[in-house]
>>> print(open('my_file.cif').read())   # mmCIF, C-alpha atoms and all ligand atoms
data_run
loop_
_atom_site.label_atom_id
_atom_site.label_comp_id
_atom_site.auth_asym_id
_atom_site.auth_seq_id
_atom_site.Cartn_x
_atom_site.Cartn_y
_atom_site.Cartn_z
CA PRO A 76 -18.33 25.67 -13.97
CA LYS A 77 -16.16 24.61 -11.07
CA ARG A 78 -12.45 24.91 -10.35
CA ILE A 79 -11.07 21.79 -8.77
CA GLY A 80 -7.62 20.69 -7.62
CA ILE A 81 -6.15 17.22 -7.53
CA LEU A 82 -3.10 15.92 -5.66
CA THR A 83 -1.46 12.61 -4.85
CA SER A 84 -0.33 12.33 -1.26
CA GLY A 85 1.86 9.78 0.53
CA GLY A 86 3.77 6.97 -1.17
CA ASP A 87 3.02 6.26 -4.82
CA CYS A 88 1.35 3.13 -6.14
CA PRO A 89 0.13 1.88 -9.51
CA GLY A 90 -3.14 3.47 -10.62
CA LEU A 91 -2.60 7.08 -9.47
CA ASN A 92 -2.25 8.33 -13.03
CA ALA A 93 -5.33 6.38 -14.06
CA ILE A 94 -7.33 8.31 -11.45
CA ILE A 95 -5.84 11.62 -12.59
CA ARG A 96 -6.84 10.79 -16.15
CA ALA A 97 -10.41 9.88 -15.14
CA VAL A 98 -10.78 13.08 -13.13
CA ILE A 99 -9.49 15.28 -15.98
CA LYS A 100 -11.79 13.57 -18.48
CA CYS A 101 -14.94 13.76 -16.35
CA ALA A 102 -14.26 17.32 -15.17
CA THR A 103 -13.47 18.53 -18.68
CA ASN A 104 -16.74 16.98 -19.91
CA ASN A 105 -18.52 19.14 -17.33
CA GLY A 106 -16.65 22.20 -18.57
CA TRP A 107 -14.66 22.53 -15.32
CA GLU A 108 -11.07 23.63 -14.78
CA VAL A 109 -8.63 21.19 -13.14
CA PHE A 110 -5.41 22.13 -11.35
CA GLY A 111 -2.74 19.53 -10.54
CA ILE A 112 -1.01 20.26 -7.24
CA PRO A 113 2.60 19.02 -7.40
CA TYR A 114 4.07 16.89 -4.61
CA GLY A 115 0.98 16.66 -2.41
CA THR A 116 0.23 19.54 -0.09
CA LYS A 117 3.78 20.85 -0.67
CA GLY A 118 2.47 22.22 -3.98
CA PHE A 119 0.31 24.68 -2.05
CA ILE A 120 3.38 25.93 -0.18
CA ASP A 121 5.19 26.41 -3.51
CA LEU A 122 2.22 28.44 -4.78
CA GLU A 123 2.21 30.57 -1.68
CA THR A 124 5.94 31.21 -1.84
CA GLY A 125 5.74 32.06 -5.57
CA GLN A 126 7.74 29.05 -6.77
CA CYS A 127 4.91 28.17 -9.14
CA GLN A 128 1.95 30.04 -10.57
CA PRO A 129 -1.67 28.85 -10.80
CA GLU A 130 -1.59 28.84 -14.60
CA ASP A 131 1.38 26.42 -14.52
CA LEU A 132 -0.77 23.89 -12.72
CA GLN A 133 -3.75 23.77 -14.99
CA LEU A 134 -4.37 20.30 -16.43
CA ARG A 135 -5.99 20.11 -19.82
CA GLU A 136 -7.20 17.12 -21.73
CA HIS A 137 -4.32 17.56 -24.18
CA GLY A 138 -1.99 19.52 -21.97
CA TYR A 139 0.57 16.99 -20.74
CA ASP A 140 3.95 17.14 -22.37
CA LEU A 141 5.15 13.60 -21.83
CA PRO A 142 1.94 11.68 -22.50
CA SER A 143 0.96 13.96 -25.39
CA LEU A 144 4.03 12.74 -27.22
CA LEU A 145 2.64 9.24 -26.93
CA GLY A 146 -1.02 9.87 -27.51
CA GLY A 147 -2.37 12.42 -25.05
CA LEU A 148 -4.17 11.80 -21.83
CA ASP A 149 -5.15 8.24 -22.69
CA ILE A 150 -1.65 6.89 -22.26
CA LEU A 151 -1.65 8.09 -18.68
CA GLN A 152 -3.63 5.18 -17.28
CA PHE A 153 -0.90 2.74 -18.28
CA LEU A 154 1.85 4.55 -16.42
CA SER A 155 2.89 3.76 -12.90
CA GLY A 156 3.88 6.45 -10.37
CA SER A 157 2.27 9.87 -10.31
CA VAL A 158 2.75 12.56 -12.94
CA LEU A 159 2.00 15.07 -10.19
CA GLY A 160 4.78 13.76 -7.98
CA ALA A 161 4.08 12.22 -4.59
CA LEU A 162 5.47 13.12 -1.23
CA ASN A 163 5.05 10.95 1.81
CA LYS A 164 5.84 13.62 4.35
CA GLY A 165 3.78 16.48 5.69
CA ASP A 166 3.33 17.92 9.12
CA PRO A 167 0.18 20.05 9.29
CA SER A 168 0.48 20.03 13.07
CA ASP A 169 3.20 22.67 12.59
CA PRO A 170 1.04 25.83 12.51
CA ASP A 171 3.39 27.68 10.12
CA ILE A 172 3.29 24.86 7.57
CA ALA A 173 -0.48 24.48 7.93
CA ARG A 174 -0.96 28.24 7.41
CA GLU A 175 1.13 28.22 4.23
CA ILE A 176 -0.71 25.22 2.82
CA LEU A 177 -4.11 26.77 3.50
CA GLN A 178 -3.06 30.11 2.00
CA GLY A 179 -1.83 28.33 -1.11
CA TYR A 180 -5.15 26.50 -1.34
CA ARG A 181 -7.09 29.77 -1.10
CA HIS A 182 -4.78 31.38 -3.61
CA LEU A 183 -6.05 28.93 -6.25
CA ASN A 184 -9.64 29.76 -5.39
CA LEU A 185 -10.77 26.16 -5.72
CA ASP A 186 -14.30 24.88 -5.23
CA ALA A 187 -12.95 21.51 -4.13
CA LEU A 188 -9.82 19.43 -3.83
CA ILE A 189 -9.52 15.75 -4.73
CA ALA A 190 -6.84 14.11 -2.60
CA ILE A 191 -5.66 10.65 -3.58
CA GLY A 192 -4.09 9.18 -0.48
CA GLY A 193 -3.73 6.41 2.06
CA ASP A 194 -4.61 6.46 5.73
CA GLY A 195 -1.74 8.82 6.70
CA SER A 196 -2.84 11.33 4.07
CA LEU A 197 -6.46 11.20 5.24
CA ASP A 198 -5.25 12.16 8.68
CA ILE A 199 -3.17 15.08 7.31
CA ILE A 200 -5.88 16.47 5.03
CA ASP A 201 -8.50 16.22 7.77
CA THR A 202 -6.21 18.09 10.19
CA LEU A 203 -5.92 20.87 7.59
CA ALA A 204 -9.66 20.88 6.98
CA GLN A 205 -10.20 21.47 10.72
CA GLN A 206 -8.05 24.59 10.50
CA GLY A 207 -9.52 26.17 7.38
CA ASN A 208 -12.55 26.01 5.23
CA TRP A 209 -11.51 23.21 2.92
CA GLN A 210 -13.88 21.17 0.76
CA TRP A 211 -12.40 17.90 -0.30
CA ILE A 212 -13.00 14.43 -1.62
CA ALA A 213 -10.56 11.61 -0.85
CA ILE A 214 -9.83 8.62 -3.06
CA PRO A 215 -8.15 5.66 -1.32
CA LYS A 216 -4.86 4.36 -2.69
CA THR A 217 -2.24 2.11 -1.15
CA ILE A 218 -0.70 -1.26 -1.80
CA ASP A 219 -1.27 -1.95 1.93
CA ASN A 220 -5.08 -1.99 1.45
CA ASP A 221 -5.53 -0.71 4.98
CA VAL A 222 -7.86 2.25 4.40
CA PRO A 223 -11.02 1.64 6.45
CA PHE A 224 -14.49 1.39 4.87
CA THR A 225 -13.29 0.41 1.40
CA GLU A 226 -12.95 -3.17 0.25
CA GLN A 227 -10.10 -2.21 -2.00
CA SER A 228 -7.80 0.74 -2.50
CA ILE A 229 -6.11 1.67 -5.78
CA GLY A 230 -2.78 -0.08 -6.28
CA PHE A 231 -3.48 -3.14 -4.16
CA ASP A 232 -4.52 -5.47 -6.99
CA THR A 233 -1.45 -4.62 -9.06
CA ALA A 234 0.80 -5.19 -6.04
CA VAL A 235 -0.84 -8.59 -5.39
CA ASN A 236 -0.06 -9.52 -8.99
CA THR A 237 3.54 -8.29 -8.68
CA VAL A 238 4.22 -10.25 -5.50
CA THR A 239 2.44 -13.34 -6.84
CA LYS A 240 4.71 -13.25 -9.88
CA ALA A 241 7.80 -12.81 -7.68
CA LEU A 242 6.81 -15.87 -5.64
CA TYR A 243 6.33 -17.87 -8.80
CA ASP A 244 9.79 -16.83 -10.01
CA LEU A 245 11.40 -17.64 -6.68
CA THR A 246 9.84 -21.11 -6.67
CA PHE A 247 12.16 -22.38 -9.40
CA THR A 248 15.42 -21.23 -7.89
CA ALA A 249 14.23 -22.48 -4.49
CA ALA A 250 13.36 -25.85 -6.00
CA SER A 251 16.67 -26.19 -7.86
CA HIS A 252 18.67 -25.65 -4.68
CA ASP A 253 16.29 -27.30 -2.19
CA ARG A 254 16.16 -24.01 -0.36
CA ILE A 255 13.81 -22.40 2.11
CA MET A 256 13.04 -18.87 0.88
CA ALA A 257 11.95 -16.27 3.42
CA VAL A 258 10.23 -13.57 1.37
CA GLN A 259 9.47 -10.18 2.91
CA VAL A 260 6.38 -8.43 1.58
CA MET A 261 5.34 -4.79 2.15
CA GLY A 262 2.14 -3.73 3.87
CA ARG A 263 3.30 -1.59 6.79
CA ASP A 264 1.25 -2.89 9.75
CA ALA A 265 -1.21 -4.81 7.58
CA GLY A 266 -0.95 -8.32 6.17
CA HIS A 267 -3.40 -8.11 3.24
CA LEU A 268 -0.73 -8.00 0.54
CA ALA A 269 1.30 -10.85 2.06
CA PHE A 270 -1.82 -12.92 2.66
CA GLN A 271 -3.45 -12.62 -0.75
CA SER A 272 -0.27 -12.88 -2.80
CA GLY A 273 1.02 -15.65 -0.54
CA ILE A 274 -2.02 -17.76 -1.32
CA ALA A 275 -2.01 -16.89 -5.04
CA GLY A 276 1.75 -17.48 -5.26
CA GLY A 277 1.66 -20.87 -3.53
CA ALA A 278 3.51 -19.99 -0.30
CA ASP A 279 3.86 -22.81 2.21
CA VAL A 280 3.69 -20.55 5.24
CA ILE A 281 2.35 -16.99 5.46
CA LEU A 282 3.07 -14.81 8.45
CA ILE A 283 0.98 -11.66 8.90
CA PRO A 284 0.93 -9.23 11.83
CA GLU A 285 -2.81 -9.64 12.39
CA LEU A 286 -2.26 -13.31 13.31
CA THR A 287 1.40 -13.56 14.28
CA PRO A 288 2.45 -10.09 15.49
CA CYS A 289 5.85 -11.33 16.70
CA LEU A 290 8.25 -13.94 15.49
CA SER A 291 8.38 -15.94 18.72
CA GLU A 292 10.60 -19.01 19.18
CA ARG A 293 7.47 -21.10 19.28
CA LEU A 294 6.42 -19.76 15.91
CA VAL A 295 9.83 -20.53 14.37
CA ASP A 296 9.48 -24.02 15.80
CA GLN A 297 6.13 -24.45 14.07
CA ILE A 298 7.55 -23.25 10.78
CA CYS A 299 10.36 -25.83 11.09
CA HIS A 300 7.80 -28.55 11.83
CA GLN A 301 5.93 -27.53 8.70
CA ILE A 302 9.15 -27.69 6.63
CA SER A 303 9.92 -31.08 8.13
CA ARG A 304 6.43 -32.35 7.15
CA LEU A 305 6.95 -31.09 3.61
CA ARG A 306 10.30 -32.83 3.42
CA GLN A 307 8.85 -36.08 4.73
CA GLY A 308 6.43 -35.86 1.80
CA GLY A 309 9.35 -35.48 -0.59
CA ARG A 310 9.40 -31.75 -1.20
CA ARG A 311 12.63 -30.13 -0.18
CA PHE A 312 12.06 -26.46 -0.94
CA ALA A 313 9.60 -24.09 0.70
CA LEU A 314 8.41 -20.51 0.40
CA VAL A 315 7.77 -18.69 3.65
CA VAL A 316 6.13 -15.30 3.16
CA ILE A 317 6.49 -12.78 5.95
CA ALA A 318 4.72 -9.42 6.02
CA GLU A 319 7.05 -6.58 6.98
CA GLY A 320 4.75 -5.69 9.90
CA VAL A 321 5.69 -8.88 11.79
CA ARG A 322 8.14 -7.94 14.54
CA ARG A 323 11.05 -9.51 16.35
CA PRO A 324 10.29 -11.53 19.50
CA ASP A 325 10.98 -8.48 21.68
CA GLY A 326 8.32 -6.52 19.77
CA LYS A 327 10.84 -4.38 17.89
CA LYS A 328 10.37 -3.60 14.20
CA ASP A 329 13.06 -4.91 11.86
CA SER A 330 13.27 -3.56 8.31
CA HIS A 331 14.92 -6.87 7.31
CA ILE A 332 12.72 -9.24 9.26
CA SER A 333 13.11 -11.88 6.50
CA ASP A 334 16.87 -12.04 7.21
CA TYR A 335 16.13 -12.67 10.86
CA LEU A 336 13.52 -15.28 9.95
CA ALA A 337 15.85 -17.10 7.52
CA GLN A 338 18.61 -17.22 10.09
CA GLN A 339 16.21 -18.45 12.83
CA ILE A 340 14.82 -21.20 10.58
CA GLN A 341 18.34 -22.31 9.72
CA SER A 342 19.60 -22.54 13.29
CA ARG A 343 16.40 -23.99 14.75
CA SER A 344 16.22 -26.68 12.05
CA GLN A 345 19.78 -27.64 12.83
CA ARG A 346 19.00 -27.94 16.54
CA LEU A 347 15.87 -30.00 15.92
CA CYS A 348 17.84 -32.27 13.62
CA ASP A 349 20.64 -32.62 16.19
CA SER A 350 18.05 -33.61 18.83
CA GLY A 351 17.96 -37.02 17.11
CA ALA A 352 14.14 -37.24 17.00
CA PRO A 353 13.41 -39.35 13.89
CA GLN A 354 10.73 -36.96 12.52
CA PHE A 355 13.34 -34.19 12.32
CA CYS A 356 16.02 -36.11 10.46
CA THR A 357 14.72 -34.50 7.24
CA LEU A 358 15.83 -31.11 8.54
CA GLN A 359 19.46 -31.96 7.92
CA GLU A 360 21.27 -29.33 5.84
CA VAL A 361 18.37 -26.93 5.66
CA ASP A 362 19.59 -24.02 3.58
CA THR A 363 17.75 -20.70 3.83
CA ARG A 364 17.82 -17.43 1.88
CA ALA A 365 16.04 -14.14 2.51
CA THR A 366 14.52 -11.85 -0.13
CA VAL A 367 13.15 -8.38 0.55
CA LEU A 368 10.90 -7.58 -2.42
CA GLY A 369 11.02 -3.83 -1.67
CA HIS A 370 9.74 -0.95 -3.78
CA ILE A 371 9.23 -3.03 -6.90
CA GLN A 372 5.89 -3.78 -5.22
CA ARG A 373 4.85 -0.17 -5.73
CA SER A 374 5.54 -0.16 -9.44
CA GLY A 375 4.45 -1.90 -12.62
CA THR A 376 1.73 -0.96 -15.06
CA PRO A 377 -1.61 -0.95 -13.20
CA SER A 378 -3.67 -4.10 -13.56
CA ALA A 379 -6.95 -3.95 -15.49
CA PHE A 380 -8.78 -4.13 -12.17
CA ASP A 381 -6.91 -1.10 -10.82
CA ARG A 382 -7.48 0.86 -14.02
CA LEU A 383 -11.19 0.13 -13.93
CA LEU A 384 -11.43 0.98 -10.24
CA ALA A 385 -9.50 4.19 -10.88
CA ALA A 386 -11.99 5.16 -13.60
CA ARG A 387 -14.92 4.40 -11.30
CA PHE A 388 -13.42 6.21 -8.30
CA GLY A 389 -12.47 9.25 -10.40
CA ARG A 390 -15.94 9.53 -11.86
CA GLU A 391 -17.54 9.20 -8.41
CA ALA A 392 -15.35 12.02 -7.05
CA ILE A 393 -16.54 14.30 -9.86
CA ASN A 394 -20.19 13.27 -9.33
CA LEU A 395 -19.90 14.10 -5.62
CA ILE A 396 -18.48 17.56 -6.38
CA ALA A 397 -21.21 18.15 -8.97
CA MET A 398 -23.75 17.47 -6.20
CA ASP A 399 -21.82 19.76 -3.80
CA LYS A 400 -21.37 16.77 -1.50
CA TYR A 401 -17.98 17.27 0.15
CA ASN A 402 -15.68 15.78 2.78
CA GLN A 403 -16.29 12.25 1.61
CA LEU A 404 -14.08 9.23 1.06
CA VAL A 405 -14.89 7.38 -2.15
CA VAL A 406 -15.12 3.67 -1.33
CA LEU A 407 -15.85 0.26 -2.77
CA GLU A 408 -18.60 -1.38 -0.73
CA ASN A 409 -20.13 -4.72 -1.71
CA GLY A 410 -18.59 -4.22 -5.13
CA GLU A 411 -20.35 -0.85 -5.63
CA VAL A 412 -18.62 2.53 -5.69
CA THR A 413 -20.09 4.89 -3.10
CA SER A 414 -18.78 7.27 -0.44
CA LYS A 415 -18.48 7.66 3.34
CA PRO A 416 -18.35 10.87 5.33
CA LEU A 417 -14.84 11.61 6.49
CA ASP A 418 -15.89 12.37 10.04
CA GLN A 419 -16.83 8.68 10.19
CA VAL A 420 -13.61 7.46 8.52
CA VAL A 421 -10.87 9.59 10.08
CA PRO A 422 -11.44 8.57 13.76
CA GLN A 423 -11.01 4.95 12.67
CA VAL A 424 -7.79 5.80 10.82
CA ARG A 425 -6.41 7.54 13.94
CA GLN A 426 -7.42 4.63 16.14
CA SER A 427 -5.47 2.14 13.97
CA HIS A 428 -2.40 4.41 14.13
CA THR A 429 -2.23 4.17 17.91
CA ASP A 430 -2.66 0.42 17.95
CA GLY A 431 0.90 -0.72 17.25
CA ARG A 432 1.27 -2.77 20.44
CA CYS A 433 3.00 -6.14 20.23
CA PRO A 434 1.55 -8.69 22.62
CA ASP A 435 3.65 -10.82 24.89
CA PRO A 436 5.66 -13.05 22.51
CA VAL A 437 4.37 -16.08 24.38
CA ASP A 438 0.83 -15.12 23.37
CA ALA A 439 1.81 -14.81 19.74
CA GLN A 440 1.40 -18.53 19.34
CA GLY A 441 1.33 -20.64 16.25
CA LEU A 442 -1.35 -18.83 14.38
CA MET A 443 0.55 -18.89 11.15
CA VAL A 444 -1.42 -19.49 8.05
CA GLN A 445 -0.82 -22.78 6.34
CA THR A 446 -1.83 -22.87 2.74
CA ALA A 447 -3.18 -25.45 0.38
CA ARG A 448 0.24 -26.92 -0.33
CA ASP A 449 0.33 -28.34 3.20
O1 LIG B 1 2.39 2.39 2.59
C1 LIG B 1 2.97 1.88 1.43
C2 LIG B 1 4.36 1.38 1.71
O2 LIG B 1 4.89 0.87 0.49
C3 LIG B 1 4.46 0.34 2.80
O3 LIG B 1 4.03 -0.93 2.39
C4 LIG B 1 5.91 0.45 3.14
O4 LIG B 1 6.16 0.05 4.47
C5 LIG B 1 6.19 1.91 2.98
O5 LIG B 1 5.19 2.43 2.13
C6 LIG B 1 7.54 2.24 2.44
O6 LIG B 1 7.66 3.63 2.45
P1 LIG B 1 8.87 4.43 1.77
O7 LIG B 1 8.50 4.62 0.33
O8 LIG B 1 8.91 5.69 2.53
O9 LIG B 1 10.10 3.59 1.92
#
>>> encode(input="my_file.cif", output="structure tokens")
Amino acid sequence: PKRIGILTSGGDCPGLNAIIRAVIKCATNNGWEVFGIPYGTKGFIDLETGQCQPEDLQLREHGYDLPSLLGGLDILQFLSGSVLGALNKGDPSDPDIAREILQGYRHLNLDALIAIGGDGSLDIIDTLAQQGNWQWIAIPKTIDNDVPFTEQSIGFDTAVNTVTKALYDLTFTAASHDRIMAVQVMGRDAGHLAFQSGIAGGADVILIPELTPCLSERLVDQICHQISRLRQGGRRFALVVIAEGVRRPDGKKDSHISDYLAQQIQSRSQRLCDSGAPQFCTLQEVDTRATVLGHIQRSGTPSAFDRLLAARFGREAINLIAMDKYNQLVVLENGEVTSKPLDQVVPQVRQSHTDGRCPDPVDAQGLMVQTARD
């Protein structure tokens, strides 16, 4: 029988607990022991410094206090967040921290560690693995859906549903007041969440960093033209979705880029209207509002898709360990669950981290996505 550890690293997302449940179930079926490491790799430091003991961390099929009140392990898949706690900081490049983490890992005498994480976590765990003999399996999770080699990461589908619902809800208040809503969607430097939920939620314009890295004047102009076309057709409200990774015209990040967008649409519409060109007369009294959807996008009970994917990913992680096949990322490829060697995945993760350049705003031309409502 094997001794395995499991941790959740980086920001939380819906579906983490569903993976934990699947891992406990499959491992217990094999007669293995499972240890839950609290707060990502920080849990190893706590072990090393004596703040917790190995026996405190053992996860048993009926060993959870909170869920056992409600029906044992099976309730876990419905809960958002992570029962192990998640920490989105960690600096293994500090040799003292790395040493403590690795000592804590050895202290537990594990055969393998399952790390549920996003691209930042993959980078951290791989850095640790380079420094010590560390056998691990990674399972991709993030609402940003930006982990390479997997078609989908855990949490993304639920987040798409959450944002889609928010757009639906915003439609009615926008329509009642003839307003233009600028809605900011998470995703860090990726536009997948904004793009998919924007289409499903009926957005009129979707701005994602992959196509419109910066909010140039020209881009704002095109958005106003689109609003003007809608108004000529009789529709006075509009939803403009902007991914948080889209930057200001000078290339700077803005944590409230939707405020900036709303204000730019308002003033530019006014100027176009004042120009007297007949096609812009509909832009009179454009009224804008900004909404930052925020961390609500990381919560909510996991969708059925995420729960199923979590069960499949968890089982695959256990199968890989049973075959002594380590240092793999579990992925979804062509709809099938399989795995990729981490030495193939991690260089790609590091490459995308260094690629935050914003092109000349003039180049960031009108590549905005116009949706079916147009
Ligand atoms: O990576 C997931 C994510 O939710 C991003 O979409 C967002 O930019 C970031 O994490 C927010 O992080 P924090 O929880 O530290 O505010």
>>> axis_aligned_box(input="my_file.cif", around="ligand LIG 1 (chain B)", padding_each_side="8 Å", output="lines of an AutoDock Vina configuration file")
center_x = 6.2
center_y = 2.4
center_z = 2.4
size_x = 23.7
size_y = 22.6
size_z = 20.1
>>> residues_near_ligand(input="my_file.cif", ligand="ligand LIG 1 (chain B)", cutoff="8 Å", atoms="all atoms listed in the file", output="list in words")
Gly85, Gly86, Asp87, Cys88, Asn163, Gly193, Thr217, Ile218, Asp219, Val260, Met261, Gly262, Arg263, Asp264, Glu319, His370, Gln372 and Arg373 of chain A
>>> atom_distance(input="my_file.cif", atom1="atom CA of A:Tyr335", atom2="atom CA of A:Asp253")
19.6 Å
>>> residues_around(input="my_file.cif", residues="A:Ser155", least_positions_apart="2", cutoff="7 Å", atoms="only C-alpha atoms", output="MDAnalysis selection string")
chainID A and resid 88:90 92 153 157 374:377
>>> residues_near_point(input="my_file.cif", point="(-17.8, 7.6, -0.4)", cutoff="8 Å", atoms="only C-alpha atoms", output="list in words")
Gln403, Leu404, Val405, Val406, Leu407, Val412, Thr413, Ser414, Lys415 and Pro416 of chain A
>>> atom_distance(input="my_file.cif", atom1="atom CA of A:Thr103", atom2="atom CA of A:Leu197")
26.0 Å
>>> closest_residue(input="my_file.cif", among="A:Val367, A:Ile393, A:Ile340, A:Ile94", to="A:Gln297", atoms="all atoms listed in the file")
A:Ile340
>>> atom_distance(input="my_file.cif", atom1="atom CA of A:Phe119", atom2="atom CA of A:Asp131")
12.6 Å
>>> closest_residue(input="my_file.cif", among="A:Leu290, A:Ala265, A:Ala249, A:Val295", to="A:Asp329", atoms="only C-alpha atoms")
A:Leu290
>>> closest_residue(input="my_file.cif", among="A:Gln259, A:Ser303, A:Thr237, A:Thr83", to="A:Val321", atoms="all atoms listed in the file")
A:Gln259
>>> closest_residue(input="my_file.cif", among="A:Asn236, A:Asn409, A:Gln301, A:Gln307", to="A:Pro353", atoms="all atoms listed in the file")
A:Gln307
>>> residues_near_point(input="my_file.cif", point="(0.2, 22.6, 4.9)", cutoff="8 Å", atoms="all atoms listed in the file", output="list in words")
Thr116, Lys117, Phe119, Ile120, Gly165, Asp166, Pro167, Asp171, Ile172, Ala173, Arg174, Glu175, Ile176, Leu177 and Leu203 of chain A
>>> residues_around(input="my_file.cif", residues="A:Leu132", least_positions_apart="5", cutoff="12 Å", atoms="all atoms listed in the file", output="list in words")
Arg78, Ile79, Gly80, Ile81, Leu82, Glu108, Val109, Phe110, Gly111, Ile112, Pro113, Tyr114, Gly118, Phe119, Asp121, Leu122, Gln126, Cys127, Gly138, Tyr139, Val158, Leu159 and Leu183 of chain A
>>> residues_around(input="my_file.cif", residues="A:Val235", least_positions_apart="4", cutoff="8 Å", atoms="only C-alpha atoms", output="list in words")
Phe231, Thr239, Leu268, Gln271 and Ser272 of chain A
>>> closest_residue(input="my_file.cif", among="A:Arg346, A:Arg390, A:Arg306, A:Arg181", to="A:Ala102", atoms="only C-alpha atoms")
A:Arg390
>>> residues_around(input="my_file.cif", residues="A:Ala275", least_positions_apart="5", cutoff="10 Å", atoms="all atoms listed in the file", output="list in words")
Val235, Asn236, Val238, Thr239, Lys240, Leu242, Tyr243, Ala269, Phe270 and Thr446 of chain A
>>> closest_residue(input="my_file.cif", among="A:Asp279, A:Pro129, A:Leu314, A:Leu305", to="A:Leu185", atoms="only C-alpha atoms")
A:Pro129
